[in-house]
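Q: Next up, final27.csv (CSV, C-alpha atoms and all ligand atoms).
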```csv
chain,number,residue,atom,x,y,z
A,9,MET,CA,-0.3,57.5,95.5
A,10,LYS,CA,-2.1,60.7,96.5
A,11,VAL,CA,-4.2,60.8,99.7
A,12,LEU,CA,-6.5,63.6,100.9
A,13,PHE,CA,-6.5,63.4,104.7
A,14,LEU,CA,-9.4,65.1,106.5
A,15,HIS,CA,-8.6,65.5,110.2
A,16,GLY,CA,-11.1,65.3,113.1
A,17,TRP,CA,-12.7,68.0,115.2
A,18,HIS,CA,-10.2,70.1,117.2
A,19,SER,CA,-7.4,68.2,115.5
A,20,VAL,CA,-4.7,69.8,113.4
A,21,PRO,CA,-2.9,68.9,110.2
A,22,GLY,CA,0.4,67.0,110.6
A,23,GLY,CA,-0.8,64.5,113.2
A,24,VAL,CA,0.5,61.0,113.8
A,25,LYS,CA,-1.7,59.3,111.1
A,26,PRO,CA,-1.0,61.5,108.1
A,27,THR,CA,2.7,61.6,109.1
A,28,HIS,CA,2.7,57.8,109.1
A,29,LEU,CA,1.4,57.8,105.5
A,30,VAL,CA,4.0,60.4,104.4
A,31,ARG,CA,6.8,58.4,106.0
A,32,ASN,CA,5.7,55.4,104.0
A,33,GLY,CA,5.9,57.2,100.7
A,34,LEU,CA,2.4,58.4,100.1
A,35,GLU,CA,1.7,62.0,99.0
A,36,VAL,CA,-0.7,63.4,101.6
A,37,ILE,CA,-2.8,66.6,101.3
A,38,ASN,CA,-3.7,67.6,104.8
A,39,PRO,CA,-5.7,70.8,104.8
A,40,LYS,CA,-6.7,72.7,107.9
A,41,LEU,CA,-10.5,72.4,108.3
A,42,ASP,CA,-12.8,74.8,110.2
A,43,ASP,CA,-13.7,73.3,113.5
A,44,ASP,CA,-16.9,75.2,114.1
A,45,ASP,CA,-18.5,75.5,110.7
A,46,PHE,CA,-19.1,72.1,109.1
A,47,GLU,CA,-20.3,73.6,105.8
A,48,GLN,CA,-17.1,75.6,105.6
A,49,ALA,CA,-15.0,72.6,106.3
A,50,LEU,CA,-17.0,70.7,103.6
A,51,ARG,CA,-16.2,73.5,101.1
A,52,THR,CA,-12.5,73.3,101.9
A,53,ALA,CA,-12.4,69.5,101.6
A,54,GLN,CA,-14.3,69.7,98.3
A,55,ALA,CA,-12.0,72.3,96.9
A,56,CYS,CA,-9.0,70.2,97.8
A,57,TYR,CA,-10.5,67.1,96.1
A,58,GLN,CA,-11.1,69.2,93.0
A,59,GLU,CA,-7.6,70.6,92.9
A,60,HIS,CA,-5.6,67.5,93.7
A,61,HIS,CA,-7.6,64.5,92.5
A,62,PRO,CA,-6.5,62.1,95.2
A,63,GLU,CA,-7.0,58.4,94.7
A,64,VAL,CA,-7.8,57.9,98.4
A,65,ILE,CA,-9.6,60.1,100.9
A,66,VAL,CA,-9.0,59.3,104.6
A,67,GLY,CA,-11.4,60.9,107.0
A,68,SER,CA,-10.9,60.7,110.8
A,69,SER,CA,-14.0,61.1,113.1
A,70,ARG,CA,-15.6,64.3,111.9
A,71,GLY,CA,-13.3,64.2,108.9
A,72,GLY,CA,-15.0,60.9,108.1
A,73,ALA,CA,-18.3,62.6,107.9
A,74,LEU,CA,-16.7,65.2,105.7
A,75,ALA,CA,-15.3,62.5,103.4
A,76,MET,CA,-18.8,61.0,103.1
A,77,ASN,CA,-20.4,64.3,102.3
A,78,ILE,CA,-18.1,65.6,99.6
A,79,LYS,CA,-18.6,64.7,95.9
A,80,ALA,CA,-15.6,62.5,95.1
A,81,PRO,CA,-16.8,59.9,92.6
A,82,LYS,CA,-13.3,58.6,91.8
A,83,ALA,CA,-11.7,58.4,95.2
A,84,LYS,CA,-11.7,55.4,97.5
A,85,LEU,CA,-12.7,56.2,101.1
A,86,VAL,CA,-10.9,55.0,104.2
A,87,LEU,CA,-12.8,56.1,107.3
A,88,LEU,CA,-11.5,56.1,110.8
A,89,CYS,CA,-14.3,55.9,113.4
A,90,PRO,CA,-16.4,58.2,111.2
A,91,ALA,CA,-18.8,60.5,113.0
A,92,TRP,CA,-21.5,60.3,110.3
A,93,LYS,CA,-24.4,60.4,112.8
A,94,ASN,CA,-23.1,63.7,114.3
A,95,TRP,CA,-22.4,65.6,111.1
A,96,GLY,CA,-23.6,65.9,107.6
A,97,ARG,CA,-26.5,64.1,105.8
A,98,ALA,CA,-24.8,61.1,104.1
A,99,ASN,CA,-25.7,57.8,105.6
A,100,ARG,CA,-24.2,55.5,102.9
A,101,VAL,CA,-20.8,55.0,101.4
A,102,LYS,CA,-19.5,53.3,98.3
A,103,SER,CA,-19.0,49.5,98.8
A,104,ASN,CA,-15.3,49.7,98.3
A,105,THR,CA,-15.0,51.9,101.4
A,106,ILE,CA,-12.9,50.6,104.3
A,107,ILE,CA,-13.9,51.6,107.8
A,108,LEU,CA,-11.5,51.2,110.8
A,109,HIS,CA,-13.0,51.4,114.3
A,110,SER,CA,-12.2,50.2,117.8
A,111,ARG,CA,-14.9,48.6,119.9
A,112,LEU,CA,-13.4,50.4,122.8
A,113,ASP,CA,-14.0,53.8,121.2
A,114,ASP,CA,-15.8,55.9,123.8
A,115,VAL,CA,-16.4,58.9,121.6
A,116,ILE,CA,-18.1,57.4,118.5
A,117,PRO,CA,-19.9,54.1,119.1
A,118,TYR,CA,-18.5,51.1,117.2
A,119,GLN,CA,-22.2,50.2,116.4
A,120,ASP,CA,-22.4,53.3,114.1
A,121,SER,CA,-19.7,51.8,111.9
A,122,GLU,CA,-21.4,48.4,112.0
A,123,GLU,CA,-24.6,50.0,110.8
A,124,LEU,CA,-22.8,52.0,108.1
A,125,ALA,CA,-20.8,49.0,106.8
A,126,ARG,CA,-23.9,46.7,106.8
A,127,GLU,CA,-26.1,49.2,105.0
A,128,SER,CA,-23.5,50.1,102.4
A,129,GLN,CA,-21.9,46.6,102.1
A,130,ALA,CA,-18.6,48.2,103.0
A,131,THR,CA,-15.7,46.7,104.9
A,132,LEU,CA,-15.4,47.2,108.6
A,133,LEU,CA,-12.1,46.3,110.3
A,134,GLU,CA,-11.9,46.3,114.1
A,135,VAL,CA,-8.5,47.8,115.1
A,136,GLY,CA,-6.9,49.7,118.0
A,137,HIS,CA,-8.2,50.4,121.5
A,138,ASP,CA,-9.5,54.0,121.5
A,139,HIS,CA,-10.9,56.8,119.4
A,140,ARG,CA,-7.6,58.1,118.1
A,141,LEU,CA,-6.4,55.0,116.3
A,142,ALA,CA,-2.8,56.2,116.6
A,143,ASP,CA,-1.4,53.0,117.9
A,144,GLU,CA,1.0,50.9,115.8
A,145,GLN,CA,-1.5,48.3,114.6
A,146,SER,CA,-4.1,50.9,113.6
A,147,LEU,CA,-1.4,52.9,111.7
A,148,GLU,CA,-0.3,49.8,109.8
A,149,VAL,CA,-3.9,48.8,108.9
A,150,LEU,CA,-4.5,52.4,107.8
A,151,LEU,CA,-1.5,52.3,105.5
A,152,TRP,CA,-2.5,48.9,104.2
A,153,ALA,CA,-6.1,50.1,103.5
A,154,CYS,CA,-4.8,53.1,101.6
A,155,LYS,CA,-2.6,51.0,99.4
A,156,LEU,CA,-5.2,48.3,98.7
A,157,PRO,CA,-6.2,48.5,95.0
A,158,ALA,CA,-9.4,50.5,94.7
A,159,SER,CA,-11.2,47.9,92.6
A,160,THR,CA,-14.8,48.9,92.7
A,161,ASP,CA,-16.3,45.4,92.5
A,162,GLY,CA,-14.0,43.4,94.7
A,163,LEU,CA,-13.8,45.0,98.1
A,164,SER,CA,-17.5,44.6,98.9
A,165,GLU,CA,-16.9,40.9,98.9
A,166,ILE,CA,-14.3,40.9,101.6
A,167,ASP,CA,-17.4,41.3,103.7
A,168,GLN,CA,-15.3,42.2,106.8
A,169,GLN,CA,-13.7,38.8,106.7
A,170,VAL,CA,-10.1,40.1,106.2
A,171,PRO,CA,-8.3,37.8,108.6
A,172,LEU,CA,-6.3,40.4,110.6
A,173,ASN,CA,-4.8,38.0,113.0
A,174,GLU,CA,-5.3,34.4,112.0
A,175,GLU,CA,-3.5,31.2,111.3
A,176,ALA,CA,-2.6,29.6,108.0
A,177,CYS,CA,-0.5,26.6,107.0
A,178,TYR,CA,2.1,25.6,104.4
A,179,LEU,CA,3.7,22.3,103.4
A,180,CYS,CA,7.4,22.1,104.2
A,181,ASP,CA,9.3,21.5,101.0
A,182,SER,CA,11.9,19.4,102.8
A,183,CYS,CA,9.9,17.0,105.1
A,184,GLY,CA,6.4,17.5,103.7
A,185,GLU,CA,4.9,18.3,107.1
A,186,GLU,CA,2.0,20.7,107.3
A,187,ILE,CA,3.2,23.7,109.4
A,188,VAL,CA,0.8,26.0,111.0
A,189,ILE,CA,1.9,29.7,111.2
A,190,PRO,CA,0.3,32.7,112.9
A,191,LEU,CA,-0.6,35.4,110.5
A,192,ASP,CA,-0.4,39.1,111.1
A,193,LEU,CA,-1.9,40.8,108.1
A,194,THR,CA,-1.3,44.2,109.6
A,195,GLN,CA,2.2,43.6,108.3
A,196,GLY,CA,0.9,44.0,104.8
A,197,ALA,CA,-1.1,42.1,102.2
A,198,SER,CA,2.1,40.7,100.6
A,199,GLN,CA,4.8,39.3,102.9
A,200,THR,CA,7.9,37.3,102.4
A,201,TYR,CA,10.0,36.0,105.2
A,202,VAL,CA,12.3,33.1,106.2
A,203,GLU,CA,11.3,30.6,108.8
A,204,ASP,CA,12.9,27.3,110.0
A,205,CYS,CA,10.6,24.3,109.7
A,206,PRO,CA,9.9,23.3,113.3
A,207,VAL,CA,9.9,19.6,112.3
A,208,CYS,CA,13.0,19.2,110.2
A,209,CYS,CA,14.7,22.6,110.8
A,210,HIS,CA,15.2,23.4,107.1
A,211,ALA,CA,14.8,27.0,106.3
A,212,ASN,CA,11.8,27.9,104.1
A,213,ILE,CA,10.9,31.1,102.4
A,214,ILE,CA,7.3,31.8,103.2
A,215,HIS,CA,5.2,33.9,100.9
A,216,VAL,CA,1.9,35.3,102.2
A,217,GLN,CA,-0.4,37.0,99.8
A,218,VAL,CA,-3.9,38.4,100.2
A,219,ASP,CA,-5.9,39.6,97.2
A,220,VAL,CA,-8.6,42.3,97.2
A,221,ARG,CA,-11.2,39.7,97.8
A,222,GLY,CA,-9.6,38.7,101.0
A,223,ASN,CA,-8.4,35.4,99.6
A,224,LEU,CA,-5.3,34.1,101.3
A,225,SER,CA,-2.5,32.1,99.8
A,226,VAL,CA,0.6,30.9,101.7
A,227,THR,CA,3.4,29.1,99.9
A,228,ALA,CA,6.8,27.9,100.9
A,229,GLU,CA,10.0,27.2,99.0
A,230,PRO,CA,13.4,26.1,100.3
A,231,GLU,CA,15.8,28.9,101.0
A,232,GLN,CA,18.7,29.1,98.5
A,233,ASP,CA,22.2,28.9,99.8
B,301,ZN,ZN,10.3,20.4,107.4
```
Can you give me the file's structure in the form of structure tokens?

A:
Amino acid sequence: MKVLFLHGWHSVPGGVKPTHLVRNGLEVINPKLDDDDFEQALRTAQACYQEHHPEVIVGSSRGGALAMNIKAPKAKLVLLCPAWKNWGRANRVKSNTIILHSRLDDVIPYQDSEELARESQATLLEVGHDHRLADEQSLEVLLWACKLPASTDGLSEIDQQVPLNEEACYLCDSCGEEIVIPLDLTQGASQTYVEDCPVCCHANIIHVQVDVRGNLSVTAEPEQD
């Protein structure tokens, strides 16, 4: 999967976020963008899109505004605390856009992303605890958002209800008890792990699956010897 990563103002290519994507097997195009001239940065980003045809464009802060303002009809956008009120003219995004933002961001208000998500019917996920979104959880959600299938009609219906940290339950195959488990979907939309039933102690293989509509399914099967 090919990702065009547009860095923020006074940031440089090769930061923690694009590096995390590269380490997880994504091909990342990470151009140096002019800090002072937004129009120039826009031309650079547009030229990169034209040359590489990325499936996903990630834009961080001012880079988010760049991502919103280039013509990229086929790419899915993943925006990190996008500074769309500070730069550029675009004030809407495609409904399959995923926006990541922290309520504790003291550079770009979280409310800007709430407004953008609401007006565009895009998906807003609250992650991290600052403007950089370079913490472990934010990086995992960023990776997850990039890898999510770019279906054009499904994502709008997630309606920011993706349960990032919730509970679910499964029926133990051995004793039939309903077991509640905590969910951490920052670990990915598809997870498999082994857990001992807290009631009867039999080992179960737990499968957790979230589809693009945010529907969750949790199933368990006995572990094979
Ligand atoms: Zn059991």

Q: Considering all atoms listed in the file, return as a ChimeraX atom specification whatever protein or nucleic-acid residues lie within 6 Å of region 126-140 of chain A, sequence-local ones (same chain, fewer than 5 positions apart) excluded.

A: /A:100-101,103-110,112-113,146,164,167-168

Q: Could you check which residues have any atom within 12 Å of (1.9, 59.8, 104.4), counting only C-alpha atoms with coordinates taken straight from the file, and then list them as a ChimeraX atom specification?

A: /A:9-13,21-38,64,66,147-148,150-152,154-155

Q: Could you turn the residues from that selection into a file that holds C-alpha atoms, as a PDB file, in the coordinates of the input?

A:
```pdb
ATOM      1  CA  MET A   9      -0.300  57.500  95.500  1.00  0.00           C
ATOM      2  CA  LYS A  10      -2.100  60.700  96.500  1.00  0.00           C
ATOM      3  CA  VAL A  11      -4.200  60.800  99.700  1.00  0.00           C
ATOM      4  CA  LEU A  12      -6.500  63.600 100.900  1.00  0.00           C
ATOM      5  CA  PHE A  13      -6.500  63.400 104.700  1.00  0.00           C
ATOM      6  CA  PRO A  21      -2.900  68.900 110.200  1.00  0.00           C
ATOM      7  CA  GLY A  22       0.400  67.000 110.600  1.00  0.00           C
ATOM      8  CA  GLY A  23      -0.800  64.500 113.200  1.00  0.00           C
ATOM      9  CA  VAL A  24       0.500  61.000 113.800  1.00  0.00           C
ATOM     10  CA  LYS A  25      -1.700  59.300 111.100  1.00  0.00           C
ATOM     11  CA  PRO A  26      -1.000  61.500 108.100  1.00  0.00           C
ATOM     12  CA  THR A  27       2.700  61.600 109.100  1.00  0.00           C
ATOM     13  CA  HIS A  28       2.700  57.800 109.100  1.00  0.00           C
ATOM     14  CA  LEU A  29       1.400  57.800 105.500  1.00  0.00           C
ATOM     15  CA  VAL A  30       4.000  60.400 104.400  1.00  0.00           C
ATOM     16  CA  ARG A  31       6.800  58.400 106.000  1.00  0.00           C
ATOM     17  CA  ASN A  32       5.700  55.400 104.000  1.00  0.00           C
ATOM     18  CA  GLY A  33       5.900  57.200 100.700  1.00  0.00           C
ATOM     19  CA  LEU A  34       2.400  58.400 100.100  1.00  0.00           C
ATOM     20  CA  GLU A  35       1.700  62.000  99.000  1.00  0.00           C
ATOM     21  CA  VAL A  36      -0.700  63.400 101.600  1.00  0.00           C
ATOM     22  CA  ILE A  37      -2.800  66.600 101.300  1.00  0.00           C
ATOM     23  CA  ASN A  38      -3.700  67.600 104.800  1.00  0.00           C
ATOM     24  CA  VAL A  64      -7.800  57.900  98.400  1.00  0.00           C
ATOM     25  CA  VAL A  66      -9.000  59.300 104.600  1.00  0.00           C
ATOM     26  CA  LEU A 147      -1.400  52.900 111.700  1.00  0.00           C
ATOM     27  CA  GLU A 148      -0.300  49.800 109.800  1.00  0.00           C
ATOM     28  CA  LEU A 150      -4.500  52.400 107.800  1.00  0.00           C
ATOM     29  CA  LEU A 151      -1.500  52.300 105.500  1.00  0.00           C
ATOM     30  CA  TRP A 152      -2.500  48.900 104.200  1.00  0.00           C
ATOM     31  CA  CYS A 154      -4.800  53.100 101.600  1.00  0.00           C
ATOM     32  CA  LYS A 155      -2.600  51.000  99.400  1.00  0.00           C
TER      33      LYS A 155
END
```

Q: Per residue of chain A within 10 Å of ligand ZN 301 (chain B), which atom pair is closest and at what distance in Å (one decimal), using only C-alpha atoms and all ligand atoms, listed by chain and increasing number, as a Markdown table?

A:
```
| residue | atom | partner | partner_atom | distance |
| --- | --- | --- | --- | --- |
| A:Leu179 | CA | B:ZN301 | ZN | 7.9 |
| A:Cys180 | CA | B:ZN301 | ZN | 4.6 |
| A:Asp181 | CA | B:ZN301 | ZN | 6.6 |
| A:Ser182 | CA | B:ZN301 | ZN | 5.0 |
| A:Cys183 | CA | B:ZN301 | ZN | 4.1 |
| A:Gly184 | CA | B:ZN301 | ZN | 6.1 |
| A:Glu185 | CA | B:ZN301 | ZN | 5.8 |
| A:Glu186 | CA | B:ZN301 | ZN | 8.3 |
| A:Ile187 | CA | B:ZN301 | ZN | 8.1 |
| A:Asp204 | CA | B:ZN301 | ZN | 7.8 |
| A:Cys205 | CA | B:ZN301 | ZN | 4.5 |
| A:Pro206 | CA | B:ZN301 | ZN | 6.6 |
| A:Val207 | CA | B:ZN301 | ZN | 5.0 |
| A:Cys208 | CA | B:ZN301 | ZN | 4.1 |
| A:Cys209 | CA | B:ZN301 | ZN | 6.0 |
| A:His210 | CA | B:ZN301 | ZN | 5.8 |
| A:Ala211 | CA | B:ZN301 | ZN | 8.1 |
| A:Asn212 | CA | B:ZN301 | ZN | 8.3 |
| A:Pro230 | CA | B:ZN301 | ZN | 9.6 |
```

Q: Hey, can you spit out that residue selection with C-alpha atoms as a PDB file, in the coordinates of the input?

A:
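New file selection-v5.pdb:
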```pdb
ATOM      1  CA  LEU A 179       3.700  22.300 103.400  1.00  0.00           C
ATOM      2  CA  CYS A 180       7.400  22.100 104.200  1.00  0.00           C
ATOM      3  CA  ASP A 181       9.300  21.500 101.000  1.00  0.00           C
ATOM      4  CA  SER A 182      11.900  19.400 102.800  1.00  0.00           C
ATOM      5  CA  CYS A 183       9.900  17.000 105.100  1.00  0.00           C
ATOM      6  CA  GLY A 184       6.400  17.500 103.700  1.00  0.00           C
ATOM      7  CA  GLU A 185       4.900  18.300 107.100  1.00  0.00           C
ATOM      8  CA  GLU A 186       2.000  20.700 107.300  1.00  0.00           C
ATOM      9  CA  ILE A 187       3.200  23.700 109.400  1.00  0.00           C
ATOM     10  CA  ASP A 204      12.900  27.300 110.000  1.00  0.00           C
ATOM     11  CA  CYS A 205      10.600  24.300 109.700  1.00  0.00           C
ATOM     12  CA  PRO A 206       9.900  23.300 113.300  1.00  0.00           C
ATOM     13  CA  VAL A 207       9.900  19.600 112.300  1.00  0.00           C
ATOM     14  CA  CYS A 208      13.000  19.200 110.200  1.00  0.00           C
ATOM     15  CA  CYS A 209      14.700  22.600 110.800  1.00  0.00           C
ATOM     16  CA  HIS A 210      15.200  23.400 107.100  1.00  0.00           C
ATOM     17  CA  ALA A 211      14.800  27.000 106.300  1.00  0.00           C
ATOM     18  CA  ASN A 212      11.800  27.900 104.100  1.00  0.00           C
ATOM     19  CA  PRO A 230      13.400  26.100 100.300  1.00  0.00           C
TER      20      PRO A 230
END
```

Q: Which distance in Å separates CA of Gly71 (chain A) and CA of Gly196 (chain A), to one decimal?

A: 25.0 Å

Q: Find the distance between CA of Gln48 (chain A) and CA of Leu124 (chain A) and write it in Å to one decimal.

A: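 For CA of Gln48 (chain A) relative to CA of Leu124 (chain A), the distance reads 24.4 Å.
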
Q: For a quick check of understanding, using all atoms listed in the file, which of A:Gln145, A:Gln119, A:Leu88, A:Met76 has the smallest distance to Lys102 (chain A)?

A: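 Among the listed residues, the smallest separation from Lys102 (chain A) belongs to A:Met76.
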
Q: Enter the distance from CA of Glu231 (chain A) to CA of Tyr178 (chain A), in Å, rounded to one decimal.

A: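 It comes out at 14.5 Å.
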
Q: Calculated over only C-alpha atoms, which of the candidates A:Ala228, A:Cys177, A:Ile78, A:Leu14 has the smallest distance to Arg97 (chain A)?

A: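 Once distances to Arg97 (chain A) are computed over only C-alpha atoms, the minimum belongs to A:Ile78.
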
Q: Using all atoms listed in the file, pick whichever of A:Ala55, A:Ala83, A:Ile65, A:Val20 has the shortest atom-to-atom distance to Asp42 (chain A).

A: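 The answer is A:Val20, which sits nearest to Asp42 (chain A).
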
Q: Which residue is closest to His61 (chain A)? Choose from A:Cys89, A:Ala98, A:Ala49, A:Ala80 and count all atoms listed in the file.

A: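 Among the listed residues, A:Ala80 lies closest to His61 (chain A).
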
Q: Out of A:Val226, A:Leu41, A:Ala176, A:Val115, which residue has the shortest atom-to-atom distance to Gly16 (chain A) when counting all atoms listed in the file?

A: A:Leu41

Q: From the set A:Gln217, A:Ala53, A:Gln232, A:Glu122, which residue has the shortest atom-to-atom contact distance to Lys79 (chain A), counting only C-alpha atoms?

A: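 Closest to Lys79 (chain A) of all the choices is A:Ala53.
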